[in-house]
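Peer 1: Supplied structure: structure16.pdb, PDB, C-alpha atoms.
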ATOM      1  CA  MET A   1      87.913 112.965  81.239
ATOM      2  CA  ARG A   2      91.081 113.231  79.215
ATOM      3  CA  ASN A   3      94.293 111.221  78.987
ATOM      4  CA  MET A   4      97.526 112.804  80.161
ATOM      5  CA  THR A   5     100.621 112.996  77.993
ATOM      6  CA  GLU A   6     103.802 111.310  79.254
ATOM      7  CA  GLU A   7     105.179 114.693  80.317
ATOM      8  CA  GLU A   8     101.972 115.363  82.247
ATOM      9  CA  TRP A   9     101.797 112.046  84.049
ATOM     10  CA  ARG A  10     105.458 112.207  85.038
ATOM     11  CA  ALA A  11     104.898 115.657  86.552
ATOM     12  CA  PHE A  12     101.678 114.438  88.196
ATOM     13  CA  VAL A  13     103.455 111.493  89.861
ATOM     14  CA  LEU A  14     106.158 113.793  91.244
ATOM     15  CA  GLU A  15     103.859 116.608  92.403
ATOM     16  CA  GLY A  16     103.881 117.481  96.100
ATOM     17  CA  THR A  17     103.526 114.653  98.603
ATOM     18  CA  ARG A  18     101.400 112.385  96.430
ATOM     19  CA  THR A  19     102.237 108.814  97.384
ATOM     20  CA  GLY A  20     102.190 105.658  95.313
ATOM     21  CA  LYS A  21      99.615 103.100  96.348
ATOM     22  CA  VAL A  22     101.732 100.034  95.681
ATOM     23  CA  ALA A  23      99.964  96.746  94.956
ATOM     24  CA  VAL A  24     101.747  93.398  95.059
ATOM     25  CA  VAL A  25     100.509  89.813  95.125
ATOM     26  CA  ARG A  26     101.315  87.457  97.971
ATOM     27  CA  PRO A  27     102.306  83.873  97.109
ATOM     28  CA  ASP A  28      98.828  82.685  98.167
ATOM     29  CA  GLY A  29      97.196  85.021  95.635
ATOM     30  CA  ARG A  30      95.975  87.756  97.969
ATOM     31  CA  PRO A  31      96.684  91.341  96.865
ATOM     32  CA  HIS A  32      98.335  93.811  99.235
ATOM     33  CA  VAL A  33      98.171  97.591  98.775
ATOM     34  CA  THR A  34      99.790 100.322 100.870
ATOM     35  CA  PRO A  35     100.913 103.920 100.338
ATOM     36  CA  VAL A  36     104.617 104.298  99.625
ATOM     37  CA  TRP A  37     106.986 107.235  99.238
ATOM     38  CA  ILE A  38     108.152 107.028  95.658
ATOM     39  CA  THR A  39     110.158 108.822  93.022
ATOM     40  CA  LEU A  40     110.895 108.494  89.333
ATOM     41  CA  ASP A  41     114.556 107.654  88.722
ATOM     42  CA  GLY A  42     115.549 107.704  85.080
ATOM     43  CA  ASP A  43     112.997 105.595  83.232
ATOM     44  CA  ASP A  44     112.027 103.628  86.347
ATOM     45  CA  LEU A  45     109.838 104.236  89.364
ATOM     46  CA  ALA A  46     111.758 103.623  92.606
ATOM     47  CA  PHE A  47     111.274 103.354  96.362
ATOM     48  CA  THR A  48     112.920 101.642  99.304
ATOM     49  CA  THR A  49     111.458  98.812 101.363
ATOM     50  CA  TYR A  50     112.538  96.503 104.159
ATOM     51  CA  HIS A  51     113.695  93.114 102.889
ATOM     52  CA  LYS A  52     111.483  91.210 105.325
ATOM     53  CA  GLY A  53     108.341  93.253 104.698
ATOM     54  CA  VAL A  54     105.272  92.072 102.801
ATOM     55  CA  LYS A  55     106.248  93.933  99.631
ATOM     56  CA  ALA A  56     109.772  92.526  99.377
ATOM     57  CA  ARG A  57     108.653  89.003 100.215
ATOM     58  CA  ALA A  58     105.830  89.140  97.654
ATOM     59  CA  LEU A  59     108.014  90.652  94.914
ATOM     60  CA  ARG A  60     110.675  87.959  95.280
ATOM     61  CA  GLU A  61     108.046  85.394  94.257
ATOM     62  CA  ASN A  62     106.089  87.551  91.803
ATOM     63  CA  PRO A  63     107.796  90.693  90.433
ATOM     64  CA  HIS A  64     104.591  92.081  88.919
ATOM     65  CA  ILE A  65     103.648  95.344  90.585
ATOM     66  CA  ALA A  66     101.050  98.085  90.140
ATOM     67  CA  ILE A  67     101.224 101.623  91.512
ATOM     68  CA  CYS A  68      98.405 104.173  91.675
ATOM     69  CA  VAL A  69      99.054 107.901  92.168
ATOM     70  CA  GLU A  70      96.007 110.054  92.603
ATOM     71  CA  ASP A  71      94.414 113.417  93.172
ATOM     72  CA  ASP A  72      91.261 112.565  95.105
ATOM     73  CA  ASP A  73      89.838 116.075  95.091
ATOM     74  CA  PRO A  74      87.156 116.658  92.439
ATOM     75  CA  PRO A  75      87.312 116.440  89.459
ATOM     76  CA  PHE A  76      89.655 113.506  90.279
ATOM     77  CA  SER A  77      92.744 112.419  88.355
ATOM     78  CA  PHE A  78      94.981 109.395  88.618
ATOM     79  CA  VAL A  79      97.953 107.616  87.129
ATOM     80  CA  SER A  80      98.152 103.833  87.264
ATOM     81  CA  ILE A  81     101.537 102.321  86.493
ATOM     82  CA  GLU A  82     102.223  98.637  85.971
ATOM     83  CA  GLY A  83     105.544  96.929  85.577
ATOM     84  CA  GLU A  84     108.097  94.491  86.898
ATOM     85  CA  ALA A  85     110.111  95.080  90.025
ATOM     86  CA  THR A  86     113.757  94.359  90.694
ATOM     87  CA  LEU A  87     115.019  94.272  94.297
ATOM     88  CA  VAL A  88     118.380  95.996  94.731
ATOM     89  CA  ASP A  89     120.381  95.065  97.840
ATOM     90  CA  ASP A  90     122.839  97.986  97.976
ATOM     91  CA  PRO A  91     122.810 100.313 101.019
ATOM     92  CA  ALA A  92     124.453 103.164  99.079
ATOM     93  CA  GLU A  93     121.688 103.001  96.498
ATOM     94  CA  SER A  94     119.060 102.749  99.247
ATOM     95  CA  ARG A  95     120.520 105.846 100.843
ATOM     96  CA  ARG A  96     120.446 107.725  97.541
ATOM     97  CA  ILE A  97     116.806 106.893  96.842
ATOM     98  CA  ALA A  98     115.741 107.386 100.483
ATOM     99  CA  THR A  99     117.367 110.822 100.505
ATOM    100  CA  ILE A 100     115.420 111.815  97.398
ATOM    101  CA  VAL A 101     112.081 110.617  98.770
ATOM    102  CA  GLY A 102     112.818 111.979 102.251
ATOM    103  CA  GLY A 103     113.316 115.417 100.732
ATOM    104  CA  ARG A 104     110.183 115.047  98.703
ATOM    105  CA  TYR A 105     107.834 113.999 101.499
ATOM    106  CA  MET A 106     109.433 115.402 104.666
ATOM    107  CA  GLY A 107     111.004 118.542 103.222
ATOM    108  CA  ALA A 108     114.541 119.279 102.032
ATOM    109  CA  GLY A 109     115.714 119.899 105.595
ATOM    110  CA  ARG A 110     115.066 116.280 106.552
ATOM    111  CA  ALA A 111     116.280 114.557 103.380
ATOM    112  CA  GLU A 112     119.665 113.522 104.791
ATOM    113  CA  GLU A 113     118.118 112.265 108.024
ATOM    114  CA  PHE A 114     115.701 110.082 106.106
ATOM    115  CA  GLY A 115     118.432 108.879 103.779
ATOM    116  CA  ALA A 116     120.635 107.867 106.703
ATOM    117  CA  ARG A 117     117.736 106.125 108.434
ATOM    118  CA  ASN A 118     116.914 104.028 105.365
ATOM    119  CA  GLY A 119     120.302 103.686 103.718
ATOM    120  CA  VAL A 120     121.122 100.653 105.834
ATOM    121  CA  PRO A 121     121.624  96.928 105.266
ATOM    122  CA  GLY A 122     118.273  95.176 104.902
ATOM    123  CA  GLU A 123     116.597  98.169 103.279
ATOM    124  CA  TYR A 124     116.290  97.428  99.566
ATOM    125  CA  VAL A 125     115.564  99.610  96.591
ATOM    126  CA  VAL A 126     112.644  98.470  94.480
ATOM    127  CA  ARG A 127     113.120  99.546  90.867
ATOM    128  CA  VAL A 128     110.047  99.250  88.680
ATOM    129  CA  ALA A 129     110.525  98.903  84.941
ATOM    130  CA  ILE A 130     107.373 100.624  83.675
ATOM    131  CA  LYS A 131     105.428  98.523  81.155
ATOM    132  CA  LYS A 132     102.005 100.168  81.092
ATOM    133  CA  VAL A 133     100.567 103.525  82.141
ATOM    134  CA  VAL A 134      96.955 104.661  82.389
ATOM    135  CA  ALA A 135      96.797 108.388  83.155
ATOM    136  CA  GLN A 136      93.403 110.063  83.287
ATOM    137  CA  ALA A 137      92.664 113.618  84.321
ATOM    138  CA  ASP A 138      89.387 115.235  85.365
ATOM    139  CA  LEU A 139      87.337 112.040  85.598
ATOM    140  CA  ALA A 140      84.231 113.727  86.984
ATOM    141  CA  ASP A 141      83.916 116.204  84.109
ATOM    142  CA  TRP A 142      81.182 114.471  82.188
TER     143      TRP A 142
ATOM    144  CA  MET B   1     102.535 106.705 114.472
ATOM    145  CA  ARG B   2      99.480 105.301 116.197
ATOM    146  CA  ASN B   3      96.838 102.727 115.316
ATOM    147  CA  MET B   4      93.272 103.898 114.796
ATOM    148  CA  THR B   5      90.332 102.387 116.640
ATOM    149  CA  GLU B   6      87.561 100.775 114.586
ATOM    150  CA  GLU B   7      85.384 103.854 115.088
ATOM    151  CA  GLU B   8      88.238 106.031 113.851
ATOM    152  CA  TRP B   9      89.071 104.037 110.746
ATOM    153  CA  ARG B  10      85.414 103.780 109.727
ATOM    154  CA  ALA B  11      85.093 107.566 109.978
ATOM    155  CA  PHE B  12      88.418 107.994 108.136
ATOM    156  CA  VAL B  13      87.262 105.794 105.235
ATOM    157  CA  LEU B  14      84.037 107.794 104.885
ATOM    158  CA  GLU B  15      85.547 111.258 105.249
ATOM    159  CA  GLY B  16      85.133 113.681 102.350
ATOM    160  CA  THR B  17      85.989 112.447  98.878
ATOM    161  CA  ARG B  18      88.709 109.995  99.897
ATOM    162  CA  THR B  19      88.651 107.159  97.396
ATOM    163  CA  GLY B  20      89.532 103.520  97.825
ATOM    164  CA  LYS B  21      92.556 102.357  95.899
ATOM    165  CA  VAL B  22      91.245  98.921  94.976
ATOM    166  CA  ALA B  23      93.749  96.157  94.247
ATOM    167  CA  VAL B  24      92.783  92.911  92.553
ATOM    168  CA  VAL B  25      94.785  90.126  90.931
ATOM    169  CA  ARG B  26      94.371  89.192  87.297
ATOM    170  CA  PRO B  27      94.281  85.481  86.393
ATOM    171  CA  ASP B  28      97.873  85.726  85.108
ATOM    172  CA  GLY B  29      99.073  86.972  88.515
ATOM    173  CA  ARG B  30      99.499  90.662  87.727
ATOM    174  CA  PRO B  31      98.063  93.102  90.279
ATOM    175  CA  HIS B  32      95.759  95.924  89.200
ATOM    176  CA  VAL B  33      95.081  99.026  91.319
ATOM    177  CA  THR B  34      92.763 101.952  90.585
ATOM    178  CA  PRO B  35      90.897 104.565  92.626
ATOM    179  CA  VAL B  36      87.242 103.727  93.227
ATOM    180  CA  TRP B  37      84.299 105.551  94.760
ATOM    181  CA  ILE B  38      83.403 103.480  97.802
ATOM    182  CA  THR B  39      81.180 103.389 100.843
ATOM    183  CA  LEU B  40      80.742 101.268 103.944
ATOM    184  CA  ASP B  41      77.417  99.427 103.899
ATOM    185  CA  GLY B  42      76.650  97.613 107.119
ATOM    186  CA  ASP B  43      79.708  95.539 107.946
ATOM    187  CA  ASP B  44      80.926  95.479 104.343
ATOM    188  CA  LEU B  45      82.747  97.847 102.053
ATOM    189  CA  ALA B  46      80.831  98.353  98.784
ATOM    190  CA  PHE B  47      81.157  99.920  95.347
ATOM    191  CA  THR B  48      79.803  99.402  91.854
ATOM    192  CA  THR B  49      81.752  98.226  88.822
ATOM    193  CA  TYR B  50      81.066  97.242  85.230
ATOM    194  CA  HIS B  51      80.781  93.494  84.778
ATOM    195  CA  LYS B  52      83.234  93.434  81.860
ATOM    196  CA  GLY B  53      85.861  95.627  83.536
ATOM    197  CA  VAL B  54      89.219  94.447  84.851
ATOM    198  CA  LYS B  55      88.023  94.409  88.464
ATOM    199  CA  ALA B  56      84.928  92.271  87.868
ATOM    200  CA  ARG B  57      86.772  89.869  85.594
ATOM    201  CA  ALA B  58      89.620  89.467  88.082
ATOM    202  CA  LEU B  59      87.306  89.042  91.084
ATOM    203  CA  ARG B  60      85.319  86.283  89.399
ATOM    204  CA  GLU B  61      88.498  84.203  89.290
ATOM    205  CA  ASN B  62      90.059  85.400  92.557
ATOM    206  CA  PRO B  63      87.763  87.097  95.107
ATOM    207  CA  HIS B  64      90.639  88.349  97.250
ATOM    208  CA  ILE B  65      90.733  92.139  97.309
ATOM    209  CA  ALA B  66      92.652  94.892  99.079
ATOM    210  CA  ILE B  67      91.605  98.538  99.442
ATOM    211  CA  CYS B  68      93.759 101.442 100.593
ATOM    212  CA  VAL B  69      92.251 104.732 101.803
ATOM    213  CA  GLU B  70      94.698 107.488 102.555
ATOM    214  CA  ASP B  71      95.437 111.014 103.656
ATOM    215  CA  ASP B  72      98.590 111.880 101.721
ATOM    216  CA  ASP B  73      99.169 115.218 103.400
ATOM    217  CA  PRO B  74     101.802 115.115 106.158
ATOM    218  CA  PRO B  75     101.858 113.568 108.723
ATOM    219  CA  PHE B  76     100.209 110.865 106.537
ATOM    220  CA  SER B  77      97.554 108.352 107.595
ATOM    221  CA  PHE B  78      96.060 105.356 105.869
ATOM    222  CA  VAL B  79      93.654 102.475 106.232
ATOM    223  CA  SER B  80      94.333  99.217 104.396
ATOM    224  CA  ILE B  81      91.410  96.799 104.200
ATOM    225  CA  GLU B  82      91.621  93.222 102.971
ATOM    226  CA  GLY B  83      88.806  90.809 102.382
ATOM    227  CA  GLU B  84      86.810  88.727  99.959
ATOM    228  CA  ALA B  85      84.541  90.196  97.327
ATOM    229  CA  THR B  86      81.124  89.040  96.178
ATOM    230  CA  LEU B  87      79.714  90.305  92.875
ATOM    231  CA  VAL B  88      76.031  91.225  93.067
ATOM    232  CA  ASP B  89      74.136  91.371  89.764
ATOM    233  CA  ASP B  90      71.065  93.382  90.829
ATOM    234  CA  PRO B  91      70.402  96.768  89.164
ATOM    235  CA  ALA B  92      68.244  97.967  92.098
ATOM    236  CA  GLU B  93      71.108  97.312  94.474
ATOM    237  CA  SER B  94      73.579  98.924  92.045
ATOM    238  CA  ARG B  95      71.355 101.988  91.952
ATOM    239  CA  ARG B  96      71.177 102.129  95.746
ATOM    240  CA  ILE B  97      74.961 101.942  96.188
ATOM    241  CA  ALA B  98      75.676 104.246  93.231
ATOM    242  CA  THR B  99      73.308 106.849  94.672
ATOM    243  CA  ILE B 100      75.140 106.749  98.004
ATOM    244  CA  VAL B 101      78.585 107.100  96.428
ATOM    245  CA  GLY B 102      77.360 109.672  93.912
ATOM    246  CA  GLY B 103      76.187 111.831  96.786
ATOM    247  CA  ARG B 104      79.435 111.323  98.589
ATOM    248  CA  TYR B 105      81.798 112.217  95.753
ATOM    249  CA  MET B 106      79.723 114.491  93.494
ATOM    250  CA  GLY B 107      77.576 116.201  96.089
ATOM    251  CA  ALA B 108      74.026 115.479  97.278
ATOM    252  CA  GLY B 109      72.547 117.352  94.326
ATOM    253  CA  ARG B 110      73.961 114.811  91.870
ATOM    254  CA  ALA B 111      73.345 111.616  93.865
ATOM    255  CA  GLU B 112      70.203 110.573  91.952
ATOM    256  CA  GLU B 113      71.811 111.319  88.593
ATOM    257  CA  PHE B 114      74.771 109.125  89.454
ATOM    258  CA  GLY B 115      72.500 106.406  90.837
ATOM    259  CA  ALA B 116      70.435 106.341  87.649
ATOM    260  CA  ARG B 117      73.562 106.297  85.489
ATOM    261  CA  ASN B 118      75.022 103.294  87.317
ATOM    262  CA  GLY B 119      71.890 101.466  88.415
ATOM    263  CA  VAL B 120      71.681  99.621  85.136
ATOM    264  CA  PRO B 121      72.085  96.030  83.921
ATOM    265  CA  GLY B 122      75.756  95.116  83.655
ATOM    266  CA  GLU B 123      76.810  97.362  86.528
ATOM    267  CA  TYR B 124      77.465  95.112  89.529
ATOM    268  CA  VAL B 125      77.845  95.812  93.209
ATOM    269  CA  VAL B 126      81.061  94.546  94.729
ATOM    270  CA  ARG B 127      80.545  93.735  98.404
ATOM    271  CA  VAL B 128      83.725  93.194 100.396
ATOM    272  CA  ALA B 129      83.545  91.100 103.549
ATOM    273  CA  ILE B 130      86.288  92.732 105.627
ATOM    274  CA  LYS B 131      88.789  90.217 107.019
ATOM    275  CA  LYS B 132      91.750  92.397 108.018
ATOM    276  CA  VAL B 133      92.327  96.092 108.672
ATOM    277  CA  VAL B 134      95.568  98.009 109.168
ATOM    278  CA  ALA B 135      94.822 101.613 110.182
ATOM    279  CA  GLN B 136      97.737 103.881 111.005
ATOM    280  CA  ALA B 137      97.591 107.589 111.734
ATOM    281  CA  ASP B 138     100.335 110.206 111.715
ATOM    282  CA  LEU B 139     103.038 108.016 110.177
ATOM    283  CA  ALA B 140     105.609 110.793 109.875
ATOM    284  CA  ASP B 141     105.513 111.665 113.574
ATOM    285  CA  TRP B 142     108.629 109.842 114.616
TER     286      TRP B 142
END
Show me this structure written as structure tokens.
Peer 2:
Amino acid sequence: MRNMTEEEWRAFVLEGTRTGKVAVVRPDGRPHVTPVWITLDGDDLAFTTYHKGVKARALRENPHIAICVEDDDPPFSFVSIEGEATLVDDPAESRRIATIVGGRYMGAGRAEEFGARNGVPGEYVVRVAIKKVVAQADLADW
Amino acid sequence: MRNMTEEEWRAFVLEGTRTGKVAVVRPDGRPHVTPVWITLDGDDLAFTTYHKGVKARALRENPHIAICVEDDDPPFSFVSIEGEATLVDDPAESRRIATIVGGRYMGAGRAEEFGARNGVPGEYVVRVAIKKVVAQADLADW
């Protein structure tokens, strides 16, 4: 096992169609984790989410968030990011981020379609100010 | 998108080297999510963890746990499991579970090695009583 440099983990997070497994905490203390289409945007991690969904409702009460990006083929590598989330209610910004992630996960030819579909009122951008990163490569090489 | 049957999601969770992205909540309310080598054991989901690690310490205070298993190649599928965790301090049981997951993720030839390495005092079994499952296949087929 070895730790990745910042340059490495940033490239790892953005490679291919790797998703972010986004963990939030509901007001009653139960964790929730689901795969999300993400990008890095400046210094922050960003994605869009519906304002009435579990993630948005949880983050309004507790902005702490954790995101895991992984390569689950041997020898296994992962990046775990923790930080605080800000919800941005701005359809133009949602469209911008959704277009980036649409291109990433669905292919460049469908980026605009995905941006238009998610750049709508009620779809928020979640911006994560990154506070802590654990980035380990080749875990099974012992 | 379509929902998986129970038979389907159980097979999905156990397929190949897919890991469980395990989310727990620290006592201060921050979520923590990391990839874990898991199995299904009877009705429960199970894995081993070190008793002084973040997961064990968090689960002692708050047994609520969420686990995401995913196929992040298009068209994208995932299973999200939520439940309550019990920590089992029994090296024989840790060895049994660690042998199963060692075989799963490292190959049958290394199962015993992994079992011996993790079937030791201080390595606990986490048993998750499954309360809720969301299992969605082919998310990008819209």
Peer 1: Which residues of chain A are close to chain B, meaning at most 9 Å apart when you count all atoms listed in the file, and how do they look as a PyMOL selection string?
Peer 2: chain A and resi 16-19+21-25+29-35+62-70+72-75+78-83+105-106+140
Peer 1: Evaluate the PyMOL selection byres ((chain A and resi 137) around 6) against this structure - the residues, as an NGL selection string, please.
Peer 2: :A and (1-2 or 77 or 136 or 138-139)
Peer 1: For the structure provided, state which residues fall under the PyMOL selection byres ((chain A and resi 126) around 6), and present them as a ChimeraX atom specification.
Peer 2: /A:46-48,86-87,125,127
Peer 1: Residue by residue, what does the PyMOL selection byres ((chain B and resi 101) around 8) grab here? Present the result as a PyMOL selection string.
Peer 2: chain B and resi 37-39+47+97-100+102-105+111
Peer 1: As an exercise, work out the distance from atom CA of B:Gly42 to atom CA of B:Ala56 in Å and give it to one decimal place.
Peer 2: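 Calculated distance between atom CA of B:Gly42 and atom CA of B:Ala56 is 21.6 Å.
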Peer 1: Could you pull the residues within 10 Å of B:Tyr50, counting only C-alpha atoms, minus those fewer than 2 positions along the same chain, as a list in words?
Peer 2: Thr48, Lys52, Gly53, Val54, Lys55, Ala56, Arg57, Asn118, Val120, Pro121, Gly122, Glu123, Tyr124, Val125 and Val126 of chain B
Peer 1: So how many Å separate atom CA of A:Glu15 and atom CA of A:Ala92, to one decimal?
Peer 2: 25.5 Å
Peer 1: Please indicate the distance in Å from atom CA of B:Glu113 to atom CA of B:Arg96, rounded to one decimal place.
Peer 2: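 Spanning atom CA of B:Glu113 to atom CA of B:Arg96 is a straight-line distance of 11.7 Å.
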Peer 1: Point out the residue among A:Ala11, A:Lys131, A:Gly115, A:Thr49 with the least atom-to-atom distance to A:Asp89, counting all atoms listed in the file.
Peer 2: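 Selected residue with least distance to A:Asp89: A:Thr49.
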Peer 1: Of the residues B:Gly107, B:Glu8, B:Ala85, B:Ile130, which is the one nearest to B:Leu59, using only C-alpha atoms?
Peer 2: B:Ala85
Peer 1: For stretch 61-90 of chain A, supply N, CA and C atoms and report the output as a PDB file, in the coordinates of the input.
Peer 2:
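out.pdb, freshly written:
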ATOM      1  N   GLU A  61     108.762  86.518  94.883  1.00  0.00           N
ATOM      2  CA  GLU A  61     108.046  85.394  94.257  1.00  0.00           C
ATOM      3  C   GLU A  61     107.341  85.804  92.971  1.00  0.00           C
ATOM      4  N   ASN A  62     106.874  87.059  92.943  1.00  0.00           N
ATOM      5  CA  ASN A  62     106.089  87.551  91.803  1.00  0.00           C
ATOM      6  C   ASN A  62     106.449  89.022  91.590  1.00  0.00           C
ATOM      7  N   PRO A  63     107.297  89.318  90.595  1.00  0.00           N
ATOM      8  CA  PRO A  63     107.796  90.693  90.433  1.00  0.00           C
ATOM      9  C   PRO A  63     106.773  91.663  89.848  1.00  0.00           C
ATOM     10  N   HIS A  64     105.602  91.175  89.490  1.00  0.00           N
ATOM     11  CA  HIS A  64     104.591  92.081  88.919  1.00  0.00           C
ATOM     12  C   HIS A  64     104.090  93.037  89.994  1.00  0.00           C
ATOM     13  N   ILE A  65     103.986  94.306  89.619  1.00  0.00           N
ATOM     14  CA  ILE A  65     103.648  95.344  90.585  1.00  0.00           C
ATOM     15  C   ILE A  65     102.766  96.387  89.891  1.00  0.00           C
ATOM     16  N   ALA A  66     101.882  97.003  90.665  1.00  0.00           N
ATOM     17  CA  ALA A  66     101.050  98.085  90.140  1.00  0.00           C
ATOM     18  C   ALA A  66     101.084  99.221  91.149  1.00  0.00           C
ATOM     19  N   ILE A  67     101.128 100.443  90.644  1.00  0.00           N
ATOM     20  CA  ILE A  67     101.224 101.623  91.512  1.00  0.00           C
ATOM     21  C   ILE A  67     100.200 102.656  91.043  1.00  0.00           C
ATOM     22  N   CYS A  68      99.416 103.159  91.987  1.00  0.00           N
ATOM     23  CA  CYS A  68      98.405 104.173  91.675  1.00  0.00           C
ATOM     24  C   CYS A  68      98.761 105.480  92.376  1.00  0.00           C
ATOM     25  N   VAL A  69      98.828 106.560  91.621  1.00  0.00           N
ATOM     26  CA  VAL A  69      99.054 107.901  92.168  1.00  0.00           C
ATOM     27  C   VAL A  69      97.825 108.722  91.813  1.00  0.00           C
ATOM     28  N   GLU A  70      97.352 109.511  92.769  1.00  0.00           N
ATOM     29  CA  GLU A  70      96.007 110.054  92.603  1.00  0.00           C
ATOM     30  C   GLU A  70      95.858 111.462  93.154  1.00  0.00           C
ATOM     31  N   ASP A  71      94.925 112.191  92.570  1.00  0.00           N
ATOM     32  CA  ASP A  71      94.414 113.417  93.172  1.00  0.00           C
ATOM     33  C   ASP A  71      92.949 113.150  93.485  1.00  0.00           C
ATOM     34  N   ASP A  72      92.635 112.955  94.772  1.00  0.00           N
ATOM     35  CA  ASP A  72      91.261 112.565  95.105  1.00  0.00           C
ATOM     36  C   ASP A  72      90.373 113.755  95.479  1.00  0.00           C
ATOM     37  N   ASP A  73      90.765 114.941  95.052  1.00  0.00           N
ATOM     38  CA  ASP A  73      89.838 116.075  95.091  1.00  0.00           C
ATOM     39  C   ASP A  73      89.149 116.164  93.727  1.00  0.00           C
ATOM     40  N   PRO A  74      87.828 116.484  93.718  1.00  0.00           N
ATOM     41  CA  PRO A  74      87.156 116.658  92.439  1.00  0.00           C
ATOM     42  C   PRO A  74      87.907 117.671  91.570  1.00  0.00           C
ATOM     43  N   PRO A  75      87.999 117.475  90.249  1.00  0.00           N
ATOM     44  CA  PRO A  75      87.312 116.440  89.459  1.00  0.00           C
ATOM     45  C   PRO A  75      88.050 115.103  89.348  1.00  0.00           C
ATOM     46  N   PHE A  76      89.010 114.820  90.175  1.00  0.00           N
ATOM     47  CA  PHE A  76      89.655 113.506  90.279  1.00  0.00           C
ATOM     48  C   PHE A  76      90.549 113.174  89.065  1.00  0.00           C
ATOM     49  N   SER A  77      91.793 112.840  89.379  1.00  0.00           N
ATOM     50  CA  SER A  77      92.744 112.419  88.355  1.00  0.00           C
ATOM     51  C   SER A  77      93.607 111.303  88.939  1.00  0.00           C
ATOM     52  N   PHE A  78      94.080 110.427  88.105  1.00  0.00           N
ATOM     53  CA  PHE A  78      94.981 109.395  88.618  1.00  0.00           C
ATOM     54  C   PHE A  78      95.901 108.876  87.528  1.00  0.00           C
ATOM     55  N   VAL A  79      97.010 108.306  87.998  1.00  0.00           N
ATOM     56  CA  VAL A  79      97.953 107.616  87.129  1.00  0.00           C
ATOM     57  C   VAL A  79      98.133 106.212  87.690  1.00  0.00           C
ATOM     58  N   SER A  80      97.952 105.223  86.851  1.00  0.00           N
ATOM     59  CA  SER A  80      98.152 103.833  87.264  1.00  0.00           C
ATOM     60  C   SER A  80      99.299 103.268  86.435  1.00  0.00           C
ATOM     61  N   ILE A  81     100.313 102.814  87.137  1.00  0.00           N
ATOM     62  CA  ILE A  81     101.537 102.321  86.493  1.00  0.00           C
ATOM     63  C   ILE A  81     101.676 100.833  86.780  1.00  0.00           C
ATOM     64  N   GLU A  82     101.973 100.059  85.753  1.00  0.00           N
ATOM     65  CA  GLU A  82     102.223  98.637  85.971  1.00  0.00           C
ATOM     66  C   GLU A  82     103.596  98.271  85.416  1.00  0.00           C
ATOM     67  N   GLY A  83     104.234  97.325  86.051  1.00  0.00           N
ATOM     68  CA  GLY A  83     105.544  96.929  85.577  1.00  0.00           C
ATOM     69  C   GLY A  83     106.108  95.763  86.351  1.00  0.00           C
ATOM     70  N   GLU A  84     107.420  95.568  86.185  1.00  0.00           N
ATOM     71  CA  GLU A  84     108.097  94.491  86.898  1.00  0.00           C
ATOM     72  C   GLU A  84     109.165  95.074  87.798  1.00  0.00           C
ATOM     73  N   ALA A  85     109.225  94.548  89.004  1.00  0.00           N
ATOM     74  CA  ALA A  85     110.111  95.080  90.025  1.00  0.00           C
ATOM     75  C   ALA A  85     111.388  94.263  90.144  1.00  0.00           C
ATOM     76  N   THR A  86     112.480  94.976  90.363  1.00  0.00           N
ATOM     77  CA  THR A  86     113.757  94.359  90.694  1.00  0.00           C
ATOM     78  C   THR A  86     114.157  94.837  92.085  1.00  0.00           C
ATOM     79  N   LEU A  87     114.565  93.915  92.950  1.00  0.00           N
ATOM     80  CA  LEU A  87     115.019  94.272  94.297  1.00  0.00           C
ATOM     81  C   LEU A  87     116.526  94.481  94.270  1.00  0.00           C
ATOM     82  N   VAL A  88     116.956  95.650  94.750  1.00  0.00           N
ATOM     83  CA  VAL A  88     118.380  95.996  94.731  1.00  0.00           C
ATOM     84  C   VAL A  88     118.889  96.058  96.174  1.00  0.00           C
ATOM     85  N   ASP A  89     119.818  95.148  96.489  1.00  0.00           N
ATOM     86  CA  ASP A  89     120.381  95.065  97.840  1.00  0.00           C
ATOM     87  C   ASP A  89     121.708  95.816  97.845  1.00  0.00           C
ATOM     88  N   ASP A  90     121.649  97.138  98.035  1.00  0.00           N
ATOM     89  CA  ASP A  90     122.839  97.986  97.976  1.00  0.00           C
ATOM     90  C   ASP A  90     122.575  99.217  98.849  1.00  0.00           C
TER      91      ASP A  90
END
